[in-house]
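*Asks:* This one is model-v8.cif, mmCIF, C-alpha atoms.
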data_data
loop_
_atom_site.label_atom_id
_atom_site.label_comp_id
_atom_site.auth_asym_id
_atom_site.auth_seq_id
_atom_site.Cartn_x
_atom_site.Cartn_y
_atom_site.Cartn_z
CA MET U 1 77.43 -10.92 -76.21
CA TYR U 2 79.35 -14.01 -77.31
CA SER U 3 82.86 -14.61 -76.16
CA LYS U 4 85.17 -14.78 -79.13
CA TYR U 5 84.95 -18.57 -79.58
CA SER U 6 81.62 -19.15 -77.87
CA SER U 7 83.43 -20.56 -74.83
CA GLN U 8 85.31 -18.94 -71.98
CA LEU U 9 87.08 -22.22 -71.19
CA LEU U 10 88.44 -22.38 -74.71
CA ASP U 11 89.26 -18.68 -74.67
CA LYS U 12 91.36 -19.12 -71.54
CA ALA U 13 93.30 -22.04 -73.01
CA VAL U 14 93.87 -20.06 -76.23
CA ASP U 15 95.02 -17.01 -74.24
CA GLU U 16 97.53 -19.12 -72.32
CA LEU U 17 98.92 -20.79 -75.44
CA ALA U 18 99.12 -17.47 -77.26
CA SER U 19 101.18 -16.08 -74.37
CA LEU U 20 104.04 -18.38 -75.45
CA PRO U 21 106.68 -16.70 -77.61
CA GLY U 22 106.16 -17.23 -81.33
CA ILE U 23 102.65 -18.69 -80.92
CA GLY U 24 99.94 -16.54 -82.48
CA ARG U 25 96.23 -16.72 -81.72
CA LYS U 26 95.44 -18.84 -84.80
CA THR U 27 98.05 -21.43 -83.87
CA ALA U 28 96.94 -21.28 -80.23
CA LEU U 29 93.36 -22.03 -81.29
CA ARG U 30 94.52 -24.96 -83.42
CA LEU U 31 96.52 -26.36 -80.50
CA ALA U 32 93.68 -25.86 -78.00
CA LEU U 33 91.23 -27.68 -80.28
CA TYR U 34 93.79 -30.46 -80.70
CA LEU U 35 94.02 -30.80 -76.91
CA MET U 36 90.21 -30.88 -76.71
CA LYS U 37 90.26 -34.01 -78.88
CA GLN U 38 92.80 -35.86 -76.72
CA PRO U 39 91.84 -38.22 -73.89
CA GLN U 40 91.50 -36.38 -70.59
CA GLU U 41 94.38 -38.28 -68.98
CA ASN U 42 96.70 -37.16 -71.78
CA VAL U 43 95.75 -33.54 -71.21
CA GLU U 44 96.30 -34.00 -67.48
CA ARG U 45 99.75 -35.49 -68.12
CA PHE U 46 100.48 -32.66 -70.59
CA SER U 47 99.60 -30.01 -68.04
CA ALA U 48 101.30 -31.70 -65.11
CA SER U 49 104.61 -31.83 -66.98
CA PHE U 50 104.95 -28.03 -66.91
CA VAL U 51 104.00 -27.58 -63.26
CA ASN U 52 106.34 -30.44 -62.30
CA MET U 53 109.16 -28.93 -64.27
CA ARG U 54 108.65 -25.42 -62.90
CA LYS U 55 108.29 -26.65 -59.33
CA ASN U 56 111.07 -29.23 -59.18
CA LEU U 57 113.66 -28.28 -61.76
CA LYS U 58 116.66 -26.66 -60.10
CA TYR U 59 119.64 -24.66 -61.23
CA CYS U 60 123.01 -26.33 -60.64
CA ARG U 61 124.68 -24.55 -57.72
CA CYS U 62 128.03 -24.83 -59.47
CA CYS U 63 127.37 -23.86 -63.12
CA ASN U 64 123.75 -22.51 -63.16
CA MET U 65 122.67 -25.12 -65.69
CA ILE U 66 119.17 -26.51 -65.19
CA SER U 67 119.28 -29.79 -63.35
CA ASP U 68 117.06 -32.28 -61.56
CA ASN U 69 119.46 -32.16 -58.60
CA ASP U 70 121.61 -29.61 -56.76
CA LEU U 71 124.52 -30.50 -59.00
CA CYS U 72 123.99 -31.02 -62.72
CA PRO U 73 125.16 -34.23 -64.43
CA VAL U 74 128.16 -32.43 -65.94
CA CYS U 75 129.38 -30.91 -62.66
CA SER U 76 128.88 -34.18 -60.77
CA ASP U 77 130.66 -36.27 -63.42
CA ALA U 78 134.11 -37.30 -62.17
CA GLY U 79 135.15 -38.00 -65.75
CA ARG U 80 135.01 -34.35 -66.84
CA ASN U 81 138.11 -32.19 -67.06
CA ARG U 82 137.73 -29.89 -64.03
CA SER U 83 140.56 -27.56 -65.07
CA VAL U 84 138.57 -25.96 -67.93
CA ILE U 85 135.42 -23.82 -67.57
CA CYS U 86 133.45 -22.76 -70.62
CA VAL U 87 131.47 -19.55 -70.06
CA VAL U 88 128.21 -19.31 -72.04
CA GLU U 89 125.25 -16.96 -72.00
CA SER U 90 122.40 -19.44 -71.78
CA ILE U 91 121.30 -22.94 -70.91
CA ARG U 92 120.72 -23.64 -74.60
CA ASP U 93 124.36 -22.84 -75.36
CA VAL U 94 125.38 -25.62 -72.95
CA MET U 95 123.00 -28.00 -74.73
CA SER U 96 124.45 -27.03 -78.11
CA ILE U 97 128.03 -27.61 -76.98
CA GLU U 98 127.11 -30.88 -75.22
CA ASN U 99 125.51 -32.09 -78.44
CA THR U 100 128.84 -31.69 -80.28
CA ASP U 101 130.42 -34.30 -77.96
CA HIS U 102 133.68 -32.34 -78.41
CA TYR U 103 133.99 -30.74 -74.99
CA LYS U 104 134.74 -32.58 -71.79
CA GLY U 105 135.31 -29.66 -69.42
CA LEU U 106 132.88 -27.82 -67.13
CA TYR U 107 130.52 -24.91 -67.81
CA PHE U 108 129.39 -21.66 -66.32
CA VAL U 109 126.06 -20.20 -67.45
CA LEU U 110 125.98 -16.41 -67.10
CA GLY U 111 122.24 -16.18 -67.72
CA GLY U 112 122.68 -12.90 -69.59
CA ILE U 113 125.27 -10.46 -70.87
CA ILE U 114 126.26 -6.92 -69.97
CA SER U 115 123.80 -4.67 -71.76
CA PRO U 116 123.53 -1.04 -70.60
CA MET U 117 120.59 -0.56 -72.99
CA ASP U 118 118.62 -3.16 -71.02
CA GLY U 119 119.97 -1.92 -67.71
CA ILE U 120 122.09 -5.03 -67.15
CA GLY U 121 125.46 -4.23 -65.60
CA PRO U 122 128.27 -6.58 -64.48
CA SER U 123 126.79 -6.71 -60.96
CA ASP U 124 123.56 -8.17 -62.34
CA LEU U 125 125.43 -11.22 -63.61
CA PRO U 126 127.01 -13.93 -61.42
CA ILE U 127 130.52 -12.90 -62.50
CA ASP U 128 131.75 -12.86 -58.89
CA ARG U 129 130.79 -16.51 -58.56
CA LEU U 130 132.65 -17.29 -61.77
CA LEU U 131 135.79 -15.56 -60.46
CA GLU U 132 135.47 -17.38 -57.15
CA ARG U 133 135.14 -20.73 -58.91
CA ALA U 134 137.99 -19.93 -61.30
CA SER U 135 140.35 -19.00 -58.46
CA ALA U 136 139.28 -21.51 -55.81
CA GLU U 137 139.39 -24.62 -57.92
CA ASP U 138 142.26 -26.01 -59.93
CA THR U 139 141.12 -24.02 -62.95
CA ARG U 140 143.71 -23.70 -65.66
CA GLU U 141 141.70 -22.21 -68.50
CA VAL U 142 138.44 -20.34 -69.03
CA ILE U 143 136.93 -20.52 -72.51
CA LEU U 144 134.69 -17.58 -73.41
CA ALA U 145 131.90 -18.76 -75.72
CA LEU U 146 129.70 -15.66 -75.77
CA ASN U 147 128.13 -14.22 -78.91
CA THR U 148 130.05 -11.64 -80.93
CA SER U 149 127.41 -8.95 -80.53
CA PRO U 150 128.71 -5.67 -79.06
CA GLU U 151 127.20 -6.70 -75.71
CA GLY U 152 128.79 -10.13 -75.94
CA GLU U 153 132.19 -8.65 -76.76
CA THR U 154 131.88 -6.19 -73.87
CA THR U 155 131.05 -9.02 -71.49
CA SER U 156 133.91 -11.15 -72.79
CA PHE U 157 136.34 -8.27 -72.33
CA TYR U 158 135.09 -7.54 -68.82
CA ILE U 159 135.49 -11.18 -67.77
CA TYR U 160 138.87 -11.38 -69.50
CA ARG U 161 140.19 -8.41 -67.53
CA LYS U 162 138.97 -9.85 -64.23
CA LEU U 163 140.39 -13.31 -64.95
CA SER U 164 143.74 -12.29 -66.37
CA VAL U 165 144.78 -10.66 -63.09
CA LEU U 166 144.19 -14.08 -61.48
CA GLY U 167 146.72 -15.62 -63.86
CA ILE U 168 144.20 -17.86 -65.59
CA VAL U 169 144.47 -18.62 -69.32
CA VAL U 170 141.48 -17.07 -71.09
CA SER U 171 140.61 -18.36 -74.54
CA THR U 172 137.72 -17.84 -76.92
CA ILE U 173 136.10 -20.25 -79.34
CA ALA U 174 137.36 -20.14 -82.93
CA ARG U 175 135.44 -17.94 -85.35
CA GLY U 176 135.76 -18.49 -89.07
CA ILE U 177 134.16 -20.05 -92.11
CA GLY U 178 132.02 -23.03 -91.11
CA PHE U 179 133.12 -26.49 -92.24
CA GLY U 180 131.44 -27.17 -95.58
CA ASP U 181 130.56 -23.51 -96.10
CA ASP U 182 131.38 -21.79 -99.38
CA LEU U 183 133.90 -18.94 -99.19
CA GLU U 184 131.85 -17.21 -101.87
CA TYR U 185 128.84 -16.82 -99.55
CA ALA U 186 130.72 -15.98 -96.35
CA ASP U 187 130.38 -12.43 -95.04
CA GLU U 188 133.48 -10.30 -95.55
CA PHE U 189 134.17 -9.71 -91.87
CA THR U 190 134.18 -13.42 -91.05
CA LEU U 191 136.30 -14.25 -94.09
CA GLY U 192 138.76 -11.46 -93.30
CA LYS U 193 139.07 -12.61 -89.68
CA SER U 194 139.48 -16.23 -90.74
CA ILE U 195 142.47 -15.27 -92.90
CA GLU U 196 143.91 -13.11 -90.15
CA ASN U 197 143.50 -15.90 -87.58
CA ARG U 198 144.78 -18.65 -89.89
CA GLN U 199 146.32 -21.74 -88.31
CA LEU U 200 149.14 -24.06 -89.31
CA PHE U 201 147.86 -26.76 -91.63
CA LYS U 202 147.94 -30.12 -89.84
CA PRO U 203 147.50 -32.95 -92.36
CA ASP U 204 147.68 -35.55 -89.59
CA LYS U 205 144.21 -34.50 -88.50
CA PHE U 206 142.74 -36.09 -91.60
CA MET M 1 124.52 -41.45 -69.28
CA TYR M 2 123.02 -37.97 -69.51
CA SER M 3 119.43 -37.48 -70.44
CA LYS M 4 119.24 -35.43 -73.59
CA TYR M 5 119.03 -32.04 -71.86
CA SER M 6 120.58 -33.01 -68.53
CA SER M 7 117.11 -33.08 -66.96
CA GLN M 8 114.27 -35.56 -67.08
CA LEU M 9 111.79 -32.93 -65.91
CA LEU M 10 112.70 -30.71 -68.85
CA ASP M 11 112.71 -33.70 -71.21
CA LYS M 12 109.16 -34.58 -70.21
CA ALA M 13 107.90 -31.04 -70.74
CA VAL M 14 109.65 -30.91 -74.12
CA ASP M 15 108.14 -34.28 -75.11
CA GLU M 16 104.66 -33.06 -74.23
CA LEU M 17 105.04 -29.79 -76.15
CA ALA M 18 106.53 -31.60 -79.14
CA SER M 19 103.47 -33.87 -79.21
CA LEU M 20 101.39 -30.88 -80.33
CA PRO M 21 100.81 -30.68 -84.10
CA GLY M 22 103.27 -28.39 -85.87
CA ILE M 23 105.58 -28.03 -82.86
CA GLY M 24 109.04 -29.53 -83.41
CA ARG M 25 111.51 -30.42 -80.69
CA LYS M 26 113.54 -27.21 -81.11
CA THR M 27 110.45 -25.06 -80.67
CA ALA M 28 109.29 -27.27 -77.80
CA LEU M 29 112.60 -26.73 -76.02
CA ARG M 30 112.37 -22.97 -76.54
CA LEU M 31 108.84 -22.95 -75.10
CA ALA M 32 109.76 -25.17 -72.14
CA LEU M 33 112.70 -22.91 -71.23
CA TYR M 34 110.38 -19.92 -71.54
CA LEU M 35 107.96 -21.56 -69.10
CA MET M 36 110.86 -22.26 -66.72
CA LYS M 37 111.49 -18.52 -66.54
CA GLN M 38 107.89 -17.63 -65.67
CA PRO M 39 106.61 -17.29 -62.09
CA GLN M 40 105.33 -20.60 -60.76
CA GLU M 41 101.76 -19.33 -60.40
CA ASN M 42 101.71 -18.39 -64.09
CA VAL M 43 102.80 -21.90 -65.06
CA GLU M 44 100.13 -23.33 -62.77
CA ARG M 45 97.48 -21.14 -64.38
CA PHE M 46 98.84 -22.09 -67.82
CA SER M 47 98.56 -25.80 -67.08
CA ALA M 48 95.21 -25.58 -65.32
CA SER M 49 93.61 -23.90 -68.33
CA PHE M 50 93.99 -27.05 -70.45
CA VAL M 51 92.75 -29.48 -67.81
CA ASN M 52 89.81 -27.17 -67.07
CA MET M 53 88.96 -26.90 -70.73
CA ARG M 54 89.22 -30.63 -71.39
CA LYS M 55 87.21 -31.51 -68.27
CA ASN M 56 84.46 -28.93 -68.44
CA LEU M 57 84.04 -27.90 -72.06
CA LYS M 58 80.96 -29.53 -73.58
CA TYR M 59 79.60 -30.04 -77.04
CA CYS M 60 76.26 -28.32 -77.73
CA ARG M 61 73.55 -31.00 -77.76
CA CYS M 62 71.87 -29.22 -80.64
CA CYS M 63 74.65 -28.30 -83.08
CA ASN M 64 77.80 -30.10 -81.73
CA MET M 65 79.65 -26.80 -81.36
CA ILE M 66 81.93 -26.56 -78.31
CA SER M 67 80.20 -24.75 -75.51
CA ASP M 68 80.50 -24.01 -71.80
CA ASN M 69 76.89 -25.18 -71.38
CA ASP M 70 74.58 -27.85 -72.78
CA LEU M 71 73.38 -25.41 -75.39
CA CYS M 72 75.87 -23.18 -77.17
CA PRO M 73 75.38 -19.38 -77.26
CA VAL M 74 74.17 -19.53 -80.87
CA CYS M 75 71.56 -22.25 -80.29
CA SER M 76 70.30 -20.58 -77.11
CA ASP M 77 70.06 -17.13 -78.70
CA ALA M 78 66.41 -16.27 -79.35
CA GLY M 79 67.52 -13.65 -81.86
CA ARG M 80 68.92 -16.16 -84.35
CA ASN M 81 66.96 -17.26 -87.40
CA ARG M 82 65.87 -20.80 -86.46
CA SER M 83 64.63 -21.67 -89.96
CA VAL M 84 68.13 -21.92 -91.46
CA ILE M 85 70.81 -24.49 -90.55
CA CYS M 86 74.33 -24.18 -91.90
CA VAL M 87 76.16 -27.54 -92.08
CA VAL M 88 79.93 -27.35 -91.59
CA GLU M 89 82.68 -29.89 -91.08
CA SER M 90 84.40 -28.46 -88.02
CA ILE M 91 84.16 -26.19 -85.03
CA ARG M 92 86.62 -23.82 -86.65
CA ASP M 93 84.31 -23.41 -89.65
CA VAL M 94 81.62 -22.13 -87.27
CA MET M 95 84.12 -19.68 -85.80
CA SER M 96 85.09 -18.47 -89.26
CA ILE M 97 81.48 -17.89 -90.29
CA GLU M 98 80.63 -16.24 -86.97
CA ASN M 99 83.56 -13.88 -87.43
CA THR M 100 82.04 -12.63 -90.71
CA ASP M 101 78.98 -11.34 -88.80
CA HIS M 102 76.99 -12.13 -91.98
CA TYR M 103 75.05 -15.16 -90.82
CA LYS M 104 72.27 -15.13 -88.26
CA GLY M 105 70.95 -18.69 -88.60
CA LEU M 106 71.90 -21.86 -86.74
CA TYR M 107 74.68 -24.40 -87.33
CA PHE M 108 75.27 -28.10 -87.43
CA VAL M 109 78.84 -29.35 -86.99
CA LEU M 110 79.36 -32.74 -88.68
CA GLY M 111 82.73 -33.29 -87.05
CA GLY M 112 84.01 -35.01 -90.20
CA ILE M 113 83.14 -35.89 -93.78
CA ILE M 114 82.43 -39.14 -95.62
CA SER M 115 85.83 -40.56 -96.52
CA PRO M 116 85.99 -44.25 -97.51
CA MET M 117 89.80 -43.99 -97.60
CA ASP M 118 89.79 -43.19 -93.87
CA GLY M 119 87.02 -45.68 -93.17
CA ILE M 120 84.46 -42.96 -92.43
CA GLY M 121 81.01 -43.78 -93.79
CA PRO M 122 77.71 -41.87 -93.45
CA SER M 123 76.84 -43.85 -90.31
CA ASP M 124 79.98 -42.53 -88.57
CA LEU M 125 78.68 -38.97 -88.87
CA PRO M 126 75.69 -37.53 -86.97
CA ILE M 127 73.71 -37.16 -90.20
CA ASP M 128 70.63 -38.82 -88.65
CA ARG M 129 70.58 -36.13 -85.99
CA LEU M 130 70.82 -33.46 -88.68
CA LEU M 131 67.86 -34.98 -90.56
CA GLU M 132 65.89 -35.22 -87.33
CA ARG M 133 66.60 -31.58 -86.51
CA ALA M 134 65.86 -30.49 -90.05
CA SER M 135 62.48 -32.28 -90.12
CA ALA M 136 61.38 -31.73 -86.51
CA GLU M 137 61.92 -28.01 -86.28
CA ASP M 138 60.58 -25.27 -88.48
CA THR M 139 63.57 -25.61 -90.77
CA ARG M 140 63.12 -23.98 -94.14
CA GLU M 141 66.64 -24.16 -95.57
CA VAL M 142 69.85 -26.07 -95.02
CA ILE M 143 73.06 -24.43 -96.26
CA LEU M 144 75.87 -26.83 -97.08
CA ALA M 145 79.23 -25.21 -96.32
CA LEU M 146 81.55 -28.19 -96.70
CA ASN M 147 84.85 -28.09 -98.53
CA THR M 148 84.94 -28.83 -102.26
CA SER M 149 87.29 -31.79 -101.89
CA PRO M 150 85.96 -35.05 -103.43
CA GLU M 151 85.05 -36.19 -99.89
CA GLY M 152 83.32 -32.88 -99.16
CA GLU M 153 81.35 -33.06 -102.40
CA THR M 154 80.34 -36.66 -101.67
CA THR M 155 79.14 -35.68 -98.21
CA SER M 156 77.24 -32.67 -99.57
CA PHE M 157 75.55 -34.86 -102.18
CA TYR M 158 74.63 -37.51 -99.60
CA ILE M 159 73.05 -34.94 -97.28
CA TYR M 160 71.34 -33.22 -100.21
CA ARG M 161 69.65 -36.49 -101.26
CA LYS M 162 68.48 -37.19 -97.72
CA LEU M 163 67.17 -33.67 -97.19
CA SER M 164 65.50 -33.15 -100.55
CA VAL M 165 63.04 -35.98 -99.91
CA LEU M 166 61.98 -34.09 -96.79
CA GLY M 167 61.08 -31.08 -98.95
CA ILE M 168 63.70 -28.80 -97.43
CA VAL M 169 65.51 -26.20 -99.55
CA VAL M 170 69.18 -27.18 -99.77
CA SER M 171 71.67 -24.47 -100.78
CA THR M 172 75.44 -24.23 -100.89
CA ILE M 173 77.73 -21.28 -100.24
CA ALA M 174 78.80 -19.28 -103.31
CA ARG M 175 82.12 -20.26 -104.88
CA GLY M 176 83.94 -17.84 -107.13
CA ILE M 177 86.67 -15.26 -107.32
CA GLY M 178 87.30 -13.71 -103.90
CA PHE M 179 86.51 -10.01 -103.44
CA GLY M 180 89.66 -8.06 -104.20
CA ASP M 181 91.29 -11.03 -105.96
CA ASP M 182 92.84 -10.61 -109.40
CA LEU M 183 91.21 -12.61 -112.22
CA GLU M 184 94.69 -13.09 -113.63
CA TYR M 185 95.79 -15.17 -110.65
CA ALA M 186 92.59 -17.16 -110.14
CA ASP M 187 92.73 -20.87 -110.94
CA GLU M 188 90.93 -21.79 -114.16
CA PHE M 189 88.34 -24.03 -112.55
CA THR M 190 87.23 -21.35 -110.09
CA LEU M 191 87.17 -18.68 -112.80
CA GLY M 192 85.23 -21.00 -115.16
CA LYS M 193 82.69 -21.81 -112.45
CA SER M 194 82.35 -18.16 -111.47
CA ILE M 195 81.40 -17.28 -115.07
CA GLU M 196 79.02 -20.23 -115.29
CA ASN M 197 77.37 -19.29 -111.96
CA ARG M 198 77.23 -15.56 -112.73
CA GLN M 199 74.53 -13.49 -111.02
CA LEU M 200 72.47 -10.51 -112.08
CA PHE M 201 74.36 -7.29 -111.41
CA LYS M 202 72.67 -5.40 -108.57
CA PRO M 203 74.00 -1.83 -108.44
CA ASP M 204 71.85 -1.01 -105.41
CA LYS M 205 74.14 -3.16 -103.27
CA PHE M 206 76.87 -0.53 -103.54
#
Can you turn what I pasted into structure tokens?
*Replies:*
Amino acid sequence: MYSKYSSQLLDKAVDELASLPGIGRKTALRLALYLMKQPQENVERFSASFVNMRKNLKYCRCCNMISDNDLCPVCSDAGRNRSVICVVESIRDVMSIENTDHYKGLYFVLGGIISPMDGIGPSDLPIDRLLERASAEDTREVILALNTSPEGETTSFYIYRKLSVLGIVVSTIARGIGFGDDLEYADEFTLGKSIENRQLFKPDKF
Amino acid sequence: MYSKYSSQLLDKAVDELASLPGIGRKTALRLALYLMKQPQENVERFSASFVNMRKNLKYCRCCNMISDNDLCPVCSDAGRNRSVICVVESIRDVMSIENTDHYKGLYFVLGGIISPMDGIGPSDLPIDRLLERASAEDTREVILALNTSPEGETTSFYIYRKLSVLGIVVSTIARGIGFGDDLEYADEFTLGKSIENRQLFKPDKF
């Protein structure tokens, strides 16, 4: 007889909020009641921001990063090193690397990785576009920055094979013990690999 | 030079999501990117649900509960016991009690409690309307279901004094050890009070 919260309008808002990943119905209810208490213009601005984003946000035609324009700020920046392309799985990986302020090259967002279990093969990813970009431009090096899951490794290997025939240097980001991390708490695989892949000590870096 | 995430549209959506209580910027970003991946009509429905709710959801003119109409489903239900009014602090308290399916009377949502620290006095709460309702209708009993914080107790006492001169029975919900809870882990105050307020054992209830 009653709808769950005595109101279909509230129910709908709760349903929509609870459809977001990681938001349960209790949290959704709390958020909906919070919105109910805000001035109407704030709620209108809140709602409009998502529709605006979804409608007008584009993907960069060069690197697939989200962007307000056809070309993202990185790709359209003349100050970036255009001879290096860093290949990542997702938009958030680009954000993470940009936040380090340690990389001045370009990016390529794959938008996924090869995963036969999920029915994603190489042809489902824009790998052809990556190869095209890598060969057409003055690309000197491609950095693979994919995760080290089996799927990530498979994807890295696939791209490596395709790129190496083009004569492009393919590198991968360094894996090892994080700066400030205790050796004692590192997992054995990472520690083992970090000894295997040791580098010459360069005191001038300090 | 760059906006934080290379996009002002995304930034705005993240800002709006991060303005919600309990949602940090990392979660907000995750949610915004999730919305970016949804079909546009889903995002439009998502956004419209909040504006619709804020614009059209009303507060019941009788009990202050949120409602799609002037009178909430509880107040307009002829099957409810109109001689009992349960006083609660918030809309969510009504939902919690309704979910128990153990209460068939009416409600009155205060929308707050007396809290001198926050500058909320008795005149800032709709206590006059509660007294009016309690005296005008065939009210027999008012159940106080406010929290046992100092502010809650103050508010309960204030309402009790006002109601008792009207000759209305004022009760309060039972406090004690929760069903299924271990005595061992109960706080001493609750356990002490639950012994003090012990009730006659009624085996017929089982």
*Asks:* Using all atoms listed in the file, which residues sit within 7 Å of U:Ile173 once same-chain residues fewer than 6 positions away are excluded, as an MDAnalysis selection string?
*Replies:* chainID U and resid 143:145
*Asks:* From the options M:Phe46, M:Glu151, M:Arg25, M:Val14, which residue's atoms come nearest to chain U, counting all atoms listed in the file?
*Replies:*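 Ranked by minimum distance to chain U, first place goes to M:Phe46.
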*Asks:* List the spatial neighbours of M:Leu31 as a ChimeraX atom specification - criterion: any atom at most 9 Å away, all atoms listed in the file, same-chain residues fewer than 5 positions off excluded.
*Replies:* /U:20-22 /M:14,17,26,36
*Asks:* Evaluate the PyMOL selection byres ((chain M) within 8 of (chain U)) here and jot the selected residues down as a PyMOL selection string.
*Replies:* chain M and resi 2+5-10+12-13+16-17+20-21+31-32+34-36+40+43-44+46-57+66-68+72-73+95
*Asks:* The PyMOL selection byres ((chain M and resi 108) around 9) - which residues does that actually catch in the file I just gave you? List them as a ChimeraX atom specification.
*Replies:* /M:62-65,85-89,94,106-107,109-110,130
*Asks:* Please compute the atom CA of U:Lys193-atom CA of U:Glu153 distance, one decimal, in Å.
*Replies:* 15.2 Å
*Asks:* Could you check which of U:Ser76, U:Asn81, U:Ser90, U:Gln199 is closest to U:Gly105, using all atoms listed in the file?
*Replies:* U:Asn81
*Asks:* Expanded to explicit residues, what is the PyMOL selection byres ((chain M and resi 170) around 6) for this file, as a VMD selection string?
*Replies:* chain M and resid 141 to 143 169 171
*Asks:* Need the shell around U:Thr139: protein/DNA/RNA residues with any atom at most 7 Å away, counting only C-alpha atoms. Skip same-chain ones fewer than 6 positions apart. Format as a list in words?
*Replies:*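 Once the nearby chain positions are removed, what remains is Arg82, Ser83 and Val84 of chain U.
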*Asks:* In Å, how far is it from atom CA of M:Leu163 to atom CA of M:Leu131?
*Replies:*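 Between atom CA of M:Leu163 and atom CA of M:Leu131 the gap is 6.8 Å.
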*Asks:* Would you mind putting N, CA, C and O atoms back on stretch 90-102 of chain U and writing the result as a PDB file, in the coordinates of the input?
*Replies:*
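Final output, saved to result00.pdb:
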ATOM      1  N   SER U  90     123.671 -18.812 -72.145  1.00  0.00           N
ATOM      2  CA  SER U  90     122.400 -19.440 -71.780  1.00  0.00           C
ATOM      3  C   SER U  90     122.485 -20.950 -71.681  1.00  0.00           C
ATOM      4  O   SER U  90     123.433 -21.589 -72.151  1.00  0.00           O
ATOM      5  N   ILE U  91     121.465 -21.496 -71.064  1.00  0.00           N
ATOM      6  CA  ILE U  91     121.300 -22.940 -70.910  1.00  0.00           C
ATOM      7  C   ILE U  91     121.349 -23.640 -72.265  1.00  0.00           C
ATOM      8  O   ILE U  91     121.914 -24.723 -72.398  1.00  0.00           O
ATOM      9  N   ARG U  92     120.741 -22.995 -73.278  1.00  0.00           N
ATOM     10  CA  ARG U  92     120.720 -23.640 -74.600  1.00  0.00           C
ATOM     11  C   ARG U  92     122.102 -23.717 -75.220  1.00  0.00           C
ATOM     12  O   ARG U  92     122.381 -24.615 -76.008  1.00  0.00           O
ATOM     13  N   ASP U  93     122.984 -22.770 -74.851  1.00  0.00           N
ATOM     14  CA  ASP U  93     124.360 -22.840 -75.360  1.00  0.00           C
ATOM     15  C   ASP U  93     125.049 -24.089 -74.818  1.00  0.00           C
ATOM     16  O   ASP U  93     125.788 -24.754 -75.543  1.00  0.00           O
ATOM     17  N   VAL U  94     124.804 -24.399 -73.534  1.00  0.00           N
ATOM     18  CA  VAL U  94     125.380 -25.620 -72.950  1.00  0.00           C
ATOM     19  C   VAL U  94     124.883 -26.831 -73.726  1.00  0.00           C
ATOM     20  O   VAL U  94     125.662 -27.716 -74.097  1.00  0.00           O
ATOM     21  N   MET U  95     123.567 -26.859 -73.996  1.00  0.00           N
ATOM     22  CA  MET U  95     123.000 -28.000 -74.730  1.00  0.00           C
ATOM     23  C   MET U  95     123.662 -28.132 -76.105  1.00  0.00           C
ATOM     24  O   MET U  95     123.982 -29.235 -76.538  1.00  0.00           O
ATOM     25  N   SER U  96     123.849 -26.990 -76.779  1.00  0.00           N
ATOM     26  CA  SER U  96     124.450 -27.030 -78.110  1.00  0.00           C
ATOM     27  C   SER U  96     125.858 -27.606 -78.052  1.00  0.00           C
ATOM     28  O   SER U  96     126.232 -28.450 -78.865  1.00  0.00           O
ATOM     29  N   ILE U  97     126.643 -27.132 -77.080  1.00  0.00           N
ATOM     30  CA  ILE U  97     128.030 -27.610 -76.980  1.00  0.00           C
ATOM     31  C   ILE U  97     128.041 -29.084 -76.573  1.00  0.00           C
ATOM     32  O   ILE U  97     128.807 -29.878 -77.122  1.00  0.00           O
ATOM     33  N   GLU U  98     127.171 -29.468 -75.628  1.00  0.00           N
ATOM     34  CA  GLU U  98     127.110 -30.880 -75.220  1.00  0.00           C
ATOM     35  C   GLU U  98     126.771 -31.775 -76.411  1.00  0.00           C
ATOM     36  O   GLU U  98     127.294 -32.871 -76.545  1.00  0.00           O
ATOM     37  N   ASN U  99     125.902 -31.286 -77.284  1.00  0.00           N
ATOM     38  CA  ASN U  99     125.510 -32.090 -78.440  1.00  0.00           C
ATOM     39  C   ASN U  99     126.658 -32.342 -79.412  1.00  0.00           C
ATOM     40  O   ASN U  99     126.607 -33.285 -80.186  1.00  0.00           O
ATOM     41  N   THR U 100     127.702 -31.483 -79.372  1.00  0.00           N
ATOM     42  CA  THR U 100     128.840 -31.690 -80.280  1.00  0.00           C
ATOM     43  C   THR U 100     129.679 -32.874 -79.835  1.00  0.00           C
ATOM     44  O   THR U 100     130.412 -33.442 -80.638  1.00  0.00           O
ATOM     45  N   ASP U 101     129.613 -33.202 -78.508  1.00  0.00           N
ATOM     46  CA  ASP U 101     130.420 -34.300 -77.960  1.00  0.00           C
ATOM     47  C   ASP U 101     131.910 -34.000 -78.088  1.00  0.00           C
ATOM     48  O   ASP U 101     132.731 -34.912 -78.096  1.00  0.00           O
ATOM     49  N   HIS U 102     132.282 -32.727 -78.211  1.00  0.00           N
ATOM     50  CA  HIS U 102     133.680 -32.340 -78.410  1.00  0.00           C
ATOM     51  C   HIS U 102     134.273 -31.629 -77.203  1.00  0.00           C
ATOM     52  O   HIS U 102     135.413 -31.178 -77.260  1.00  0.00           O
TER      53      HIS U 102
END
